[in-house]
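For reference, the structure discussed in these notes is given below.
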Amino acid sequence: MLSIKNLHKKFGKLKVLDGVSFDIPTSGTIAVLGPNGSGKTTIMKCILGMVIPNSGDITLNDMPVLKQWDYRREIGYLPQIAQFPDNLTVQELINMIKDLRSAPANESELIDRFELHPFLSQKLSNLSGGTKQKVNIVLTFMFDCPLYILDEPTAGLDPISMIRLKELIDRKKNEEKTIIVTTHIMSLVEELADEIFFLLDGKIYFRGTVDQLKKETIQEDLEHAIANILTND
Amino acid sequence: MIKILKYSFFDLIRSRWSYVYLLFYLIIGFALLFLNNNLSKAIITLMNIVVVLVPMIGTIFGVMYYYSSQEFTELLLAQPIKRRTIFLGQYLGIALSLSFSLLVGLGIPFLAYGLMQSGEIWNFGLLLIVGTFLTFIFVALAFAISLRNENKIKGFGYGILLWLFMAVIYDGLFLILLVTFDDYPLDKFTLAASFLNPIDLSRILILLKLDISALLGYTGALFQQYFGTGTGMIMSLSSLAIWTVVPMWMIVRSSGKKDF
Amino acid sequence: MIKRVFLIYIISFLTYGASAFTTEVCHTCEVNNLADAIRLSHRGDTVLVKPGIYECSDQELRKPITLIGEKGAILDGQMTGYILKILSDSVTIRGFKFINSGKSYTKDYAAIYSYRVRHFNIIGNEIENPFFGALLEKSHDGVIKDNLIFGESKQEDDSGNGIHAWHCSNLLISNNTLHGLRDGIYLEFVTESEISNNLSHDNIRYGLHFMFSNNDKYLSNTFQDNGAGVAVMFSKFIVMKENKFIENWGTASYGLLLKEINDAEVENNTFRENTIGVFVEGSNRVNYVDNRFESNGWAVKVSGGCYENYFMRNNFISNSFDLAYNGKLNDNKFEGNFWSTYSGYDLDKNGIGDVPYRPVKLFSYVVNKTPEAIILLRSLFVDIINFSEQVSPVFTPDNLVDPQPSMKPF
């Protein structure tokens with residue numbers, strides 16, 4: 001469904017992506033891992049068209065996406081830092097995004113799930129980081145999309161919300177959606193990821209399941225497996 | 001685009017700064033009318049204020065709004081909306097809300113002092129047209145600058161510098177050139193140079209109203225033709241329109257290339 | 001009783017002899033043209049012309065008679081020469097309309113011409129599109145009143161003046177309206193005369209133009225939108241009061257040009273929306289009192305040596321420049337004027353600003369040197385240099401100040 005070919009991106013002199021290629025043929029959850037600055041967010045933003053690659057191709061359902069915009073209907077994106085217009089209330093923000101996207105949304109179920117009712121009429125500037133992240137999650141999942149891209153979705157979440165988020169991702173997986181997620185929480189990866197893409201030096205260094213990664217690095221748990229990759233270099 | 005415009009507009013209209021700006025004009029308007037008790041004089045004073053102040057406010061608001069709404073912009077970028085739509089929408093939102101403050105802030109005091117019954121309605125209209133043009137131009141320039149500068153401080157600095165250049169330094173250089181080369185025929189250069197600065201253009205529109213008798217004292221045929229007929233007014237207004245469109249095009253261009 | 005009847009007889013005889021005949025002229029009358037009527041009349045007679053168009057050119061008036069035109073009486077000069085020539089004392093011309101007066105590049109044809117006469121009256125006439133309207137030479141003690149003289153002149157060289165007087169004295173020129181001519185009123189070597197309540201507008205050159213004319217008074221006239229305003233040159237002891245100089249725009253245009261004028265009084269006049277309100281060149285001992293200078297490009301421009309001019313209680317309101325000085329300052333005084341750009345304060349509340357006002361701006365020097373710089377008027381940069389010059393004068397003369405600027409307009 002999503003295909004990336006030979007993607008290159010430089011920010012000034014810094015090479016961030018140096019020929020990244022991959023295919024995601026079916027549904028499932030893919031965890032994109034890698035050290036800080038390895039280009040995880042850049043790939044995601046390339047898919048969304050927020051970062052414009054120097055070269056390479058991206059297709060979604062066999063349609064090229066570069067310089068297009070309508071394909072974003074197919075994507076739910078959860079950005080890393082949740083900052084919203086300060087003057088709006090939560091309800092207004094949700095309504096606005098619904099209005100802009102003009103697609104059916106099931107926000108009420110998500111508001112229940114993350115217990116956001118008391119905050120609906122509050123201004124976004126008054127919300128805590130965790131609450132903002134919950135709003136962020138609502139905005140991402142309230143539309144029914146074949147592809148979800150989640151950049152550090154757990155940032156600032158309390159354990160209960162974290163569990164609810166996992167349930168949500170699981171459900172989407174069962175609905176045969178594709179979910180691409182970056183995170184530093186390894187337990188989340190172990191629980192959810194069907195496949196891992198490990199990015200290093202602007203390339204995909206490793207691609208496979210959690211077990212394959214453990215096997216290859218001869219490590220018992222995932223964190224050590226990753227540390228092993230990084231120190232071997 | 002209308003949707004983005006609407007959200008930016010209402011977002012700004014509800015912000016504290018819009019009220020401050022609106023209040024500022026209300027106070028200035030009433031104060032000038034109270035002190036002069038004369039619509040015509042108040043308009044003359046306001047013209048001097050508007051030509052300098054509106055570009056500054058436009059620049060500062062434009063830069064501030066751009067940087068403070070960056071996250072909101074990213075939120076929008078992930079939605080199925082064209083980039084051009086997002087930035088032009090935001091730009092128009094802020095330019096309209098500032099113009100709205102200007103129109104309402106000055107309109108209320110002048111209407112209250114009986115503008116409609118006076119012969120000053122055209123001069124007042126010109127004042128508002130010039131003010132609105134300058135708002136649109138300088139907010140667009142501010143957006144274009146911000147789009148090219150990731151660093152907030154830098155963007156702010158360049159914005160203020162641009163304003164300072166257009167409002168003061170440009171005229172200083174202009175005058176030095178005129179005085180240095182006054183042995184040569186300068187009227188073409190003079191007219192051309194004033195078209196290259198929107199603040200000068202607006203000022204000339206005002207001169208056409210207030211100082212036409214002095215302007216016509218100059219011997220150059222080009223000046224005579226320009227100032228003595230309606231040409232000056234039409235040319236100046238259409239140049240202001242060009243000055244609005246060019247930075248808008250710059251916004252579209254650099255927003256298409258930029259990484260977020 | 002007989003004595004008394006005789007007296008009545010004597011008196012009635014005398015009045016009969018003194019009282020004049022009136023000859024009526026109309027197309028169906030016994031006398032149907034002006035020339036015959038004039039030939040038939042005697043000293044002191046009146047010729048009354050009924051409505052109608054009468055051909056009349058180079059008609060000479062060689063005896064003291066009164067010509068009266070009823071409303072609609074038109075004298076047609078048929079584009080040849082003069083229409084009426086006053087060549088005798090005590091001639092009155094009243095109520096006619098003059099058309100088709102001759103035009104020439106070599107002779108100064110006029111609708112009404114006078115030469116070496118006294119006590120003439122030209123009253124209530126209308127002169128349409130003449131070369132010269134009234135041309136008066138070496139004539140004295142005349143009244144030119146309530147006339148309307150207008151043309152459609154476009155160029156100086158093929159047009160003449162409305163009222164043109166040369167070597168005359170004791171004239172009263174009042175309540176005339178003059179427009180579309182070369183000069184509205186032109187006076188050369190005219191003395192002891194009063195020019196009052198005239199309206200002279202839209203003339204190609206000057207609304208009023210005089211030279212070598214001493215001891216004259218100009219009162220309550222309006223000069224509006226003339227090509228170059230009003231020019232006053234080489235004259236002494238002139239009084240100009242309550243005149244209006246309005247909307248004289250253009251490169252070399254001024255409300256009032258004073259050139260080589262000595263000992264004049266300029267009082268209570270209004271100068272509004274002129275490129276230059278008053279342009280003074282080589283004039284001495286002129287008092288400017290209680291005038292109003294409003295919305296001019298330059299209210300007062302002084303050029304060349306001007307000594308002992310005195311500006312008092314004038315209003316300077318919303319002029320682009322209040323005063324421009326070219327050359328040296330020579331004992332000219334500014335005292336107690338109102339300057340709308342004055343920004344000083346009055347702590348002792350006596351109505352006089354506590355800080356002296358400097359009416360000459362640095363920028364006016366710049367514009368004098370580089371005229372194109374006018375385009376930078378009212379820019380922030382110019383305000384800044386003007387302000388810094390105001391605070392510490394470097395270029396502007398140190399002693400050119402109004403030490404007692406008024407806080408309120410007069």
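All residue names refer to the structure tokens as shown: chains lettered A, B, ... in order, residues numbered from 1 in each chain, ligands numbered from 1 in order.
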Give me, as JSON, numbers by chain, the residues of chain A touching chain B, with the criterion being at most 7 Å (counting only C-alpha atoms). {"A": [48, 50, 51, 52, 69, 70, 71, 72, 73, 77, 83, 84, 85, 87, 100, 101]}
Selected residues, all heavy atoms, written as a compact mmCIF listing (two decimals), in the first residue's frame, please.
```
# COMPACT_ATOMS: atom_id res chain seq x y z
N LEU A 48 3.96 12.63 4.48
CA LEU A 48 2.87 13.60 4.60
C LEU A 48 3.04 14.81 3.68
O LEU A 48 2.15 15.65 3.59
CB LEU A 48 2.80 14.10 6.03
CG LEU A 48 2.07 13.14 6.96
CD1 LEU A 48 2.53 13.35 8.39
CD2 LEU A 48 0.56 13.34 6.86
N MET A 50 5.17 17.18 4.24
CA MET A 50 5.60 18.35 5.00
C MET A 50 7.07 18.63 4.76
O MET A 50 7.51 19.78 4.81
CB MET A 50 5.34 18.13 6.49
CG MET A 50 3.86 18.08 6.80
SD MET A 50 3.50 17.46 8.43
CE MET A 50 4.05 18.81 9.44
N VAL A 51 7.84 17.58 4.51
CA VAL A 51 9.24 17.75 4.11
C VAL A 51 9.33 17.29 2.66
O VAL A 51 8.74 16.28 2.29
CB VAL A 51 10.18 16.92 5.02
CG1 VAL A 51 11.58 16.87 4.43
CG2 VAL A 51 10.21 17.52 6.41
N ILE A 52 10.03 18.09 1.89
CA ILE A 52 10.12 17.77 0.46
C ILE A 52 11.47 17.12 0.18
O ILE A 52 12.52 17.75 0.36
CB ILE A 52 9.94 19.04 -0.38
CG1 ILE A 52 8.51 19.58 -0.14
CG2 ILE A 52 10.15 18.77 -1.85
CD1 ILE A 52 8.37 21.04 -0.41
N TRP A 69 -1.83 16.73 -2.59
CA TRP A 69 -2.34 17.03 -1.25
C TRP A 69 -3.59 16.26 -0.88
O TRP A 69 -3.83 15.93 0.27
CB TRP A 69 -2.60 18.52 -1.11
CG TRP A 69 -3.48 19.07 -2.22
CD1 TRP A 69 -3.06 19.47 -3.44
CD2 TRP A 69 -4.89 19.22 -2.20
NE1 TRP A 69 -4.12 19.87 -4.20
CE2 TRP A 69 -5.26 19.74 -3.46
CE3 TRP A 69 -5.89 18.97 -1.23
CZ2 TRP A 69 -6.59 20.01 -3.78
CZ3 TRP A 69 -7.18 19.26 -1.55
CH2 TRP A 69 -7.53 19.77 -2.83
N ASP A 70 -4.31 15.83 -1.88
CA ASP A 70 -5.60 15.20 -1.59
C ASP A 70 -5.44 13.84 -0.92
O ASP A 70 -6.29 13.41 -0.15
CB ASP A 70 -6.41 15.07 -2.88
CG ASP A 70 -7.90 15.13 -2.58
OD1 ASP A 70 -8.27 15.93 -1.69
OD2 ASP A 70 -8.66 14.38 -3.20
N TYR A 71 -4.30 13.19 -1.19
CA TYR A 71 -4.07 11.85 -0.64
C TYR A 71 -4.03 11.86 0.89
O TYR A 71 -4.15 10.81 1.52
CB TYR A 71 -2.75 11.27 -1.19
CG TYR A 71 -1.52 11.92 -0.61
CD1 TYR A 71 -0.90 11.38 0.54
CD2 TYR A 71 -0.98 13.06 -1.16
CE1 TYR A 71 0.22 11.98 1.08
CE2 TYR A 71 0.13 13.67 -0.63
CZ TYR A 71 0.74 13.12 0.50
OH TYR A 71 1.83 13.71 1.05
N ARG A 72 -3.85 13.06 1.49
CA ARG A 72 -3.74 13.11 2.95
C ARG A 72 -5.06 12.72 3.64
O ARG A 72 -5.09 12.49 4.83
CB ARG A 72 -3.30 14.51 3.41
CG ARG A 72 -1.87 14.78 3.06
CD ARG A 72 -1.33 16.05 3.70
NE ARG A 72 -0.30 16.59 2.83
CZ ARG A 72 -0.36 17.77 2.25
NH1 ARG A 72 -1.37 18.56 2.51
NH2 ARG A 72 0.59 18.18 1.44
N ARG A 73 -6.13 12.65 2.85
CA ARG A 73 -7.38 12.10 3.39
C ARG A 73 -7.20 10.69 3.91
O ARG A 73 -7.91 10.24 4.79
CB ARG A 73 -8.45 12.03 2.29
CG ARG A 73 -8.96 13.36 1.88
CD ARG A 73 -10.06 13.21 0.87
NE ARG A 73 -10.31 14.51 0.25
CZ ARG A 73 -10.86 15.52 0.90
NH1 ARG A 73 -11.27 15.35 2.15
NH2 ARG A 73 -11.00 16.69 0.32
N TYR A 77 -2.45 11.60 11.09
CA TYR A 77 -1.09 11.90 11.56
C TYR A 77 -1.12 12.46 12.95
O TYR A 77 -1.88 13.37 13.27
CB TYR A 77 -0.43 12.89 10.60
CG TYR A 77 0.90 13.43 11.05
CD1 TYR A 77 1.99 12.56 11.27
CD2 TYR A 77 1.11 14.79 11.25
CE1 TYR A 77 3.22 13.05 11.67
CE2 TYR A 77 2.34 15.30 11.65
CZ TYR A 77 3.40 14.41 11.87
OH TYR A 77 4.63 14.90 12.25
N GLN A 83 0.94 21.13 19.81
CA GLN A 83 0.68 22.54 20.12
C GLN A 83 -0.46 23.00 19.23
O GLN A 83 -0.46 22.75 18.04
CB GLN A 83 1.92 23.37 19.82
CG GLN A 83 3.06 23.20 20.80
CD GLN A 83 2.79 23.87 22.13
OE1 GLN A 83 1.87 24.68 22.24
NE2 GLN A 83 3.58 23.53 23.14
N PHE A 84 -1.41 23.69 19.86
CA PHE A 84 -2.58 24.12 19.10
C PHE A 84 -2.79 25.62 19.27
O PHE A 84 -2.24 26.22 20.17
CB PHE A 84 -3.82 23.37 19.58
CG PHE A 84 -3.65 21.89 19.53
CD1 PHE A 84 -3.60 21.15 20.70
CD2 PHE A 84 -3.51 21.25 18.32
CE1 PHE A 84 -3.43 19.78 20.64
CE2 PHE A 84 -3.33 19.88 18.26
CZ PHE A 84 -3.28 19.15 19.42
N PRO A 85 -3.61 26.20 18.41
CA PRO A 85 -3.94 27.62 18.58
C PRO A 85 -4.48 27.87 19.98
O PRO A 85 -5.42 27.20 20.42
CB PRO A 85 -5.03 27.87 17.54
CG PRO A 85 -4.94 26.76 16.58
CD PRO A 85 -4.27 25.61 17.24
N ASN A 87 -6.12 30.19 21.44
CA ASN A 87 -7.40 30.85 21.75
C ASN A 87 -8.60 29.93 21.61
O ASN A 87 -9.70 30.30 21.99
CB ASN A 87 -7.61 32.04 20.83
CG ASN A 87 -6.66 33.15 21.16
OD1 ASN A 87 -6.48 33.47 22.33
ND2 ASN A 87 -6.03 33.71 20.16
N LEU A 100 -12.55 21.30 8.39
CA LEU A 100 -11.52 21.41 7.35
C LEU A 100 -11.44 20.14 6.51
O LEU A 100 -11.17 20.16 5.33
CB LEU A 100 -10.15 21.68 7.99
CG LEU A 100 -9.94 23.08 8.56
CD1 LEU A 100 -8.64 23.15 9.33
CD2 LEU A 100 -9.93 24.10 7.44
N ARG A 101 -11.66 19.01 7.20
CA ARG A 101 -11.48 17.75 6.51
C ARG A 101 -12.77 17.28 5.86
O ARG A 101 -12.77 16.44 4.99
CB ARG A 101 -10.98 16.72 7.53
CG ARG A 101 -10.26 15.58 6.90
CD ARG A 101 -9.10 15.14 7.73
NE ARG A 101 -8.67 13.82 7.30
CZ ARG A 101 -7.52 13.28 7.62
NH1 ARG A 101 -6.67 13.94 8.39
NH2 ARG A 101 -7.19 12.08 7.21
```
Skip Tyr170 of chain B itself and residues of its chain fewer than 2 positions away, then list as a list of chain:residue names all residues within 12 Å of it, counting only C-alpha atoms.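 Returned residues: B:Leu161, B:Leu162, B:Trp163, B:Leu164, B:Phe165, B:Met166, B:Ala167, B:Val168, B:Gly172, B:Leu173, B:Phe174, B:Leu175, B:Ile176, B:Leu177, B:Ala193, B:Ser194, B:Phe195, B:Leu196, B:Asn197, B:Pro198, B:Ile199, B:Asp200, C:Leu376, C:Ser379, C:Leu380, C:Phe381, C:Val382.
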Spatial neighbours of Glu242 of chain C, 12 Å, only C-alpha atoms, chain gap at least 6 places, as a PDB file with N, CA and C atoms, in the first residue's frame:
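Saved the output as out-v7.pdb:
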```
ATOM      1  N   ILE C 195      -8.317 100.244  -6.410  1.00  0.00           N
ATOM      2  CA  ILE C 195      -8.780  99.049  -7.117  1.00  0.00           C
ATOM      3  C   ILE C 195      -9.448  98.200  -6.044  1.00  0.00           C
ATOM      4  N   SER C 196     -10.774  98.071  -6.110  1.00  0.00           N
ATOM      5  CA  SER C 196     -11.435  97.397  -4.992  1.00  0.00           C
ATOM      6  C   SER C 196     -12.566  96.481  -5.450  1.00  0.00           C
ATOM      7  N   ASN C 197     -12.768  95.442  -4.656  1.00  0.00           N
ATOM      8  CA  ASN C 197     -13.905  94.523  -4.845  1.00  0.00           C
ATOM      9  C   ASN C 197     -13.998  93.897  -6.233  1.00  0.00           C
ATOM     10  N   ASN C 198     -12.884  93.786  -6.916  1.00  0.00           N
ATOM     11  CA  ASN C 198     -12.921  93.114  -8.208  1.00  0.00           C
ATOM     12  C   ASN C 198     -12.712  91.618  -8.030  1.00  0.00           C
ATOM     13  N   LYS C 217      -4.209 101.923  -3.948  1.00  0.00           N
ATOM     14  CA  LYS C 217      -4.817 101.070  -2.926  1.00  0.00           C
ATOM     15  C   LYS C 217      -5.509  99.887  -3.587  1.00  0.00           C
ATOM     16  N   TYR C 218      -5.315  98.723  -3.021  1.00  0.00           N
ATOM     17  CA  TYR C 218      -5.958  97.507  -3.535  1.00  0.00           C
ATOM     18  C   TYR C 218      -6.754  96.923  -2.383  1.00  0.00           C
ATOM     19  N   LEU C 219      -8.062  96.940  -2.490  1.00  0.00           N
ATOM     20  CA  LEU C 219      -8.884  96.557  -1.345  1.00  0.00           C
ATOM     21  C   LEU C 219      -9.908  95.496  -1.734  1.00  0.00           C
ATOM     22  N   SER C 220      -9.991  94.472  -0.919  1.00  0.00           N
ATOM     23  CA  SER C 220     -11.072  93.477  -1.031  1.00  0.00           C
ATOM     24  C   SER C 220     -11.254  92.873  -2.419  1.00  0.00           C
ATOM     25  N   ASN C 221     -10.172  92.701  -3.147  1.00  0.00           N
ATOM     26  CA  ASN C 221     -10.282  92.009  -4.428  1.00  0.00           C
ATOM     27  C   ASN C 221     -10.070  90.525  -4.230  1.00  0.00           C
ATOM     28  N   THR C 222     -10.556  89.730  -5.168  1.00  0.00           N
ATOM     29  CA  THR C 222     -10.279  88.295  -5.139  1.00  0.00           C
ATOM     30  C   THR C 222      -9.547  87.903  -6.418  1.00  0.00           C
ATOM     31  N   PHE C 223      -8.413  87.260  -6.250  1.00  0.00           N
ATOM     32  CA  PHE C 223      -7.626  86.794  -7.393  1.00  0.00           C
ATOM     33  C   PHE C 223      -7.514  85.288  -7.286  1.00  0.00           C
ATOM     34  N   GLU C 265       1.952  98.336   2.547  1.00  0.00           N
ATOM     35  CA  GLU C 265       1.222  97.708   3.646  1.00  0.00           C
ATOM     36  C   GLU C 265       0.444  96.529   3.091  1.00  0.00           C
ATOM     37  N   VAL C 266       0.686  95.361   3.614  1.00  0.00           N
ATOM     38  CA  VAL C 266      -0.064  94.182   3.184  1.00  0.00           C
ATOM     39  C   VAL C 266      -0.816  93.685   4.406  1.00  0.00           C
ATOM     40  N   GLU C 267      -2.096  93.964   4.456  1.00  0.00           N
ATOM     41  CA  GLU C 267      -2.842  93.688   5.686  1.00  0.00           C
ATOM     42  C   GLU C 267      -4.117  92.910   5.420  1.00  0.00           C
ATOM     43  N   ASN C 268      -4.415  92.024   6.350  1.00  0.00           N
ATOM     44  CA  ASN C 268      -5.719  91.340   6.334  1.00  0.00           C
ATOM     45  C   ASN C 268      -6.034  90.601   5.033  1.00  0.00           C
ATOM     46  N   ASN C 269      -5.007  90.209   4.316  1.00  0.00           N
ATOM     47  CA  ASN C 269      -5.250  89.452   3.092  1.00  0.00           C
ATOM     48  C   ASN C 269      -5.281  87.961   3.391  1.00  0.00           C
ATOM     49  N   THR C 270      -5.891  87.208   2.507  1.00  0.00           N
ATOM     50  CA  THR C 270      -5.910  85.757   2.638  1.00  0.00           C
ATOM     51  C   THR C 270      -5.152  85.144   1.475  1.00  0.00           C
ATOM     52  N   PHE C 271      -4.217  84.287   1.781  1.00  0.00           N
ATOM     53  CA  PHE C 271      -3.480  83.557   0.750  1.00  0.00           C
ATOM     54  C   PHE C 271      -3.759  82.079   0.959  1.00  0.00           C
ATOM     55  N   TYR C 288       3.679  93.235   6.796  1.00  0.00           N
ATOM     56  CA  TYR C 288       2.684  92.177   6.596  1.00  0.00           C
ATOM     57  C   TYR C 288       1.992  91.965   7.926  1.00  0.00           C
ATOM     58  N   VAL C 289       0.756  92.375   8.026  1.00  0.00           N
ATOM     59  CA  VAL C 289       0.073  92.313   9.314  1.00  0.00           C
ATOM     60  C   VAL C 289      -1.292  91.658   9.134  1.00  0.00           C
ATOM     61  N   ASP C 290      -1.620  90.796  10.072  1.00  0.00           N
ATOM     62  CA  ASP C 290      -2.953  90.181  10.114  1.00  0.00           C
ATOM     63  C   ASP C 290      -3.338  89.436   8.838  1.00  0.00           C
ATOM     64  N   ASN C 291      -2.394  88.912   8.121  1.00  0.00           N
ATOM     65  CA  ASN C 291      -2.744  88.115   6.947  1.00  0.00           C
ATOM     66  C   ASN C 291      -2.929  86.660   7.338  1.00  0.00           C
ATOM     67  N   ARG C 292      -3.577  85.935   6.464  1.00  0.00           N
ATOM     68  CA  ARG C 292      -3.801  84.519   6.707  1.00  0.00           C
ATOM     69  C   ARG C 292      -3.181  83.721   5.564  1.00  0.00           C
TER      70      ARG C 292
END
```
Rank C:Thr341, C:Asn386, C:Asn332, C:Ser295 by their smallest atom-to-atom distance to chain B, using only C-alpha atoms, and report the top residue only. C:Ser295
Close residues, segment 136-149 of chain C itself excluded, 8 Å, only C-alpha atoms, min 4 positions apart in chain, as a PyMOL selection string: chain C and resi 113-129+162-179
Residues as selected, N, CA and C atoms, written as a CSV table (one decimal), in the first residue's frame, can you do that?
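Output file result_38.csv follows:
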```
chain,number,residue,atom,x,y,z
C,113,TYR,N,-11.8,102.4,-25.7
C,113,TYR,CA,-10.5,103.0,-25.6
C,113,TYR,C,-10.6,104.4,-25.2
C,114,SER,N,-9.7,104.9,-24.4
C,114,SER,CA,-9.7,106.3,-24.0
C,114,SER,C,-8.3,106.9,-24.1
C,115,TYR,N,-8.3,108.2,-24.5
C,115,TYR,CA,-7.0,108.8,-24.7
C,115,TYR,C,-7.1,110.3,-24.2
C,116,ARG,N,-6.2,110.6,-23.3
C,116,ARG,CA,-6.1,112.0,-22.8
C,116,ARG,C,-7.4,112.6,-22.4
C,117,VAL,N,-8.2,111.9,-21.6
C,117,VAL,CA,-9.5,112.5,-21.1
C,117,VAL,C,-9.6,112.5,-19.6
C,118,ARG,N,-10.6,113.2,-19.1
C,118,ARG,CA,-10.8,113.2,-17.7
C,118,ARG,C,-12.3,112.9,-17.4
C,119,HIS,N,-12.6,112.5,-16.2
C,119,HIS,CA,-14.0,112.4,-15.7
C,119,HIS,C,-14.8,111.4,-16.6
C,120,PHE,N,-14.3,110.3,-16.9
C,120,PHE,CA,-15.1,109.4,-17.7
C,120,PHE,C,-15.6,108.3,-16.8
C,121,ASN,N,-16.7,107.7,-17.2
C,121,ASN,CA,-17.3,106.6,-16.5
C,121,ASN,C,-17.6,105.4,-17.4
C,122,ILE,N,-17.1,104.2,-17.0
C,122,ILE,CA,-17.4,103.0,-17.7
C,122,ILE,C,-18.1,102.1,-16.7
C,123,ILE,N,-19.4,102.0,-16.8
C,123,ILE,CA,-20.2,101.3,-15.7
C,123,ILE,C,-21.1,100.3,-16.3
C,124,GLY,N,-21.1,99.1,-15.6
C,124,GLY,CA,-22.1,98.1,-15.9
C,124,GLY,C,-22.2,97.6,-17.3
C,125,ASN,N,-21.0,97.5,-17.9
C,125,ASN,CA,-21.0,96.9,-19.3
C,125,ASN,C,-20.5,95.5,-19.3
C,126,GLU,N,-20.8,94.8,-20.4
C,126,GLU,CA,-20.3,93.4,-20.5
C,126,GLU,C,-19.5,93.3,-21.8
C,127,ILE,N,-18.3,92.9,-21.7
C,127,ILE,CA,-17.4,92.8,-22.8
C,127,ILE,C,-17.0,91.4,-23.1
C,128,GLU,N,-17.5,90.9,-24.2
C,128,GLU,CA,-17.3,89.5,-24.5
C,128,GLU,C,-16.1,89.2,-25.4
C,129,ASN,N,-15.2,88.4,-25.0
C,129,ASN,CA,-14.1,88.0,-25.9
C,129,ASN,C,-13.4,89.1,-26.6
C,162,GLY,N,-7.8,92.7,-19.6
C,162,GLY,CA,-9.2,93.1,-19.3
C,162,GLY,C,-9.3,94.6,-19.1
C,163,ILE,N,-8.7,95.1,-18.1
C,163,ILE,CA,-8.6,96.5,-17.9
C,163,ILE,C,-7.1,96.9,-18.0
C,164,HIS,N,-6.8,97.7,-18.9
C,164,HIS,CA,-5.4,98.0,-19.1
C,164,HIS,C,-5.2,99.6,-19.0
C,165,ALA,N,-4.5,100.0,-18.0
C,165,ALA,CA,-4.3,101.5,-17.9
C,165,ALA,C,-2.9,101.9,-17.9
C,166,TRP,N,-2.6,102.9,-18.7
C,166,TRP,CA,-1.2,103.4,-18.9
C,166,TRP,C,-1.1,104.9,-18.7
C,167,HIS,N,-0.2,105.3,-17.8
C,167,HIS,CA,-0.1,106.7,-17.4
C,167,HIS,C,-1.4,107.3,-17.1
C,168,CYS,N,-2.1,106.8,-16.1
C,168,CYS,CA,-3.4,107.3,-15.7
C,168,CYS,C,-3.3,107.7,-14.2
C,169,SER,N,-4.3,108.4,-13.7
C,169,SER,CA,-4.3,108.7,-12.2
C,169,SER,C,-5.7,108.8,-11.8
C,170,ASN,N,-5.9,108.7,-10.5
C,170,ASN,CA,-7.2,108.9,-9.8
C,170,ASN,C,-8.3,108.0,-10.5
C,171,LEU,N,-8.0,106.8,-10.7
C,171,LEU,CA,-9.0,105.9,-11.2
C,171,LEU,C,-9.7,105.2,-10.1
C,172,LEU,N,-11.0,104.8,-10.3
C,172,LEU,CA,-11.6,103.9,-9.3
C,172,LEU,C,-12.0,102.7,-10.2
C,173,ILE,N,-11.4,101.6,-9.9
C,173,ILE,CA,-11.7,100.3,-10.6
C,173,ILE,C,-12.3,99.4,-9.6
C,174,SER,N,-13.7,99.3,-9.7
C,174,SER,CA,-14.3,98.5,-8.6
C,174,SER,C,-15.4,97.6,-9.1
C,175,ASN,N,-15.6,96.5,-8.4
C,175,ASN,CA,-16.7,95.6,-8.6
C,175,ASN,C,-16.7,95.0,-10.0
C,176,ASN,N,-15.6,94.9,-10.7
C,176,ASN,CA,-15.5,94.3,-12.0
C,176,ASN,C,-15.2,92.8,-11.9
C,177,THR,N,-15.7,92.1,-12.8
C,177,THR,CA,-15.4,90.6,-12.9
C,177,THR,C,-14.6,90.4,-14.2
C,178,LEU,N,-13.4,89.8,-14.1
C,178,LEU,CA,-12.6,89.6,-15.2
C,178,LEU,C,-12.1,88.2,-15.3
C,179,HIS,N,-12.3,87.5,-16.4
C,179,HIS,CA,-11.7,86.2,-16.5
C,179,HIS,C,-11.5,85.8,-18.0
```
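Across the structure, atom CA of Ile137 of chain B and atom CA of Ser101 of chain B are spaced 16.1 Å apart.
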Give as number ranges by chain every residue of chain C that touches chain B within 9 Å, counting only C-alpha atoms. C: 247-253, 273-276, 295-298, 318-321, 366, 369-382
I'd like to know which of A:Ile169, A:Leu78, A:Met162, A:Leu157 is closest to Leu139 of chain A, using only C-alpha atoms.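 Result for the nearest residue to Leu139 of chain A: A:Leu78.
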Just list as number ranges by chain whatever in segment 134-219 of chain B DSSP marks as alpha helix (DSSP H). B: 134-148, 152-164, 170-180, 187-195, 198-210, 212-215
Take atom CA of Val246 of chain B and atom CA of Ala142 of chain B and report the distance between them in Å, one decimal.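 Atom CA of Val246 of chain B sits 12.6 Å away from atom CA of Ala142 of chain B.
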Can you work out the spacing between atom CA of Ile238 of chain C and atom CA of Leu181 of chain C in Å, to one decimal? 24.5 Å
Please give the complete set of residues from segment 24-177 of chain A that DSSP, run on the backbone, assigns to strand (DSSP E or B), formatted as a PyMOL selection string. chain A and resi 24+28-33+55-60+63-64+75-78+89+105+123+143+147-151
List the spatial neighbours of Ser99 of chain B as a compact mmCIF listing (two decimals) with C-alpha atoms, in the first residue's frame - criterion: any atom at most 8 Å away, only C-alpha atoms, same-chain residues fewer than 6 positions off excluded.
```
# COMPACT_ATOMS: atom_id res chain seq x y z
CA GLY B 131 -3.96 52.04 5.70
CA THR B 132 -5.51 48.82 4.40
CA THR B 135 -1.48 46.41 6.24
```
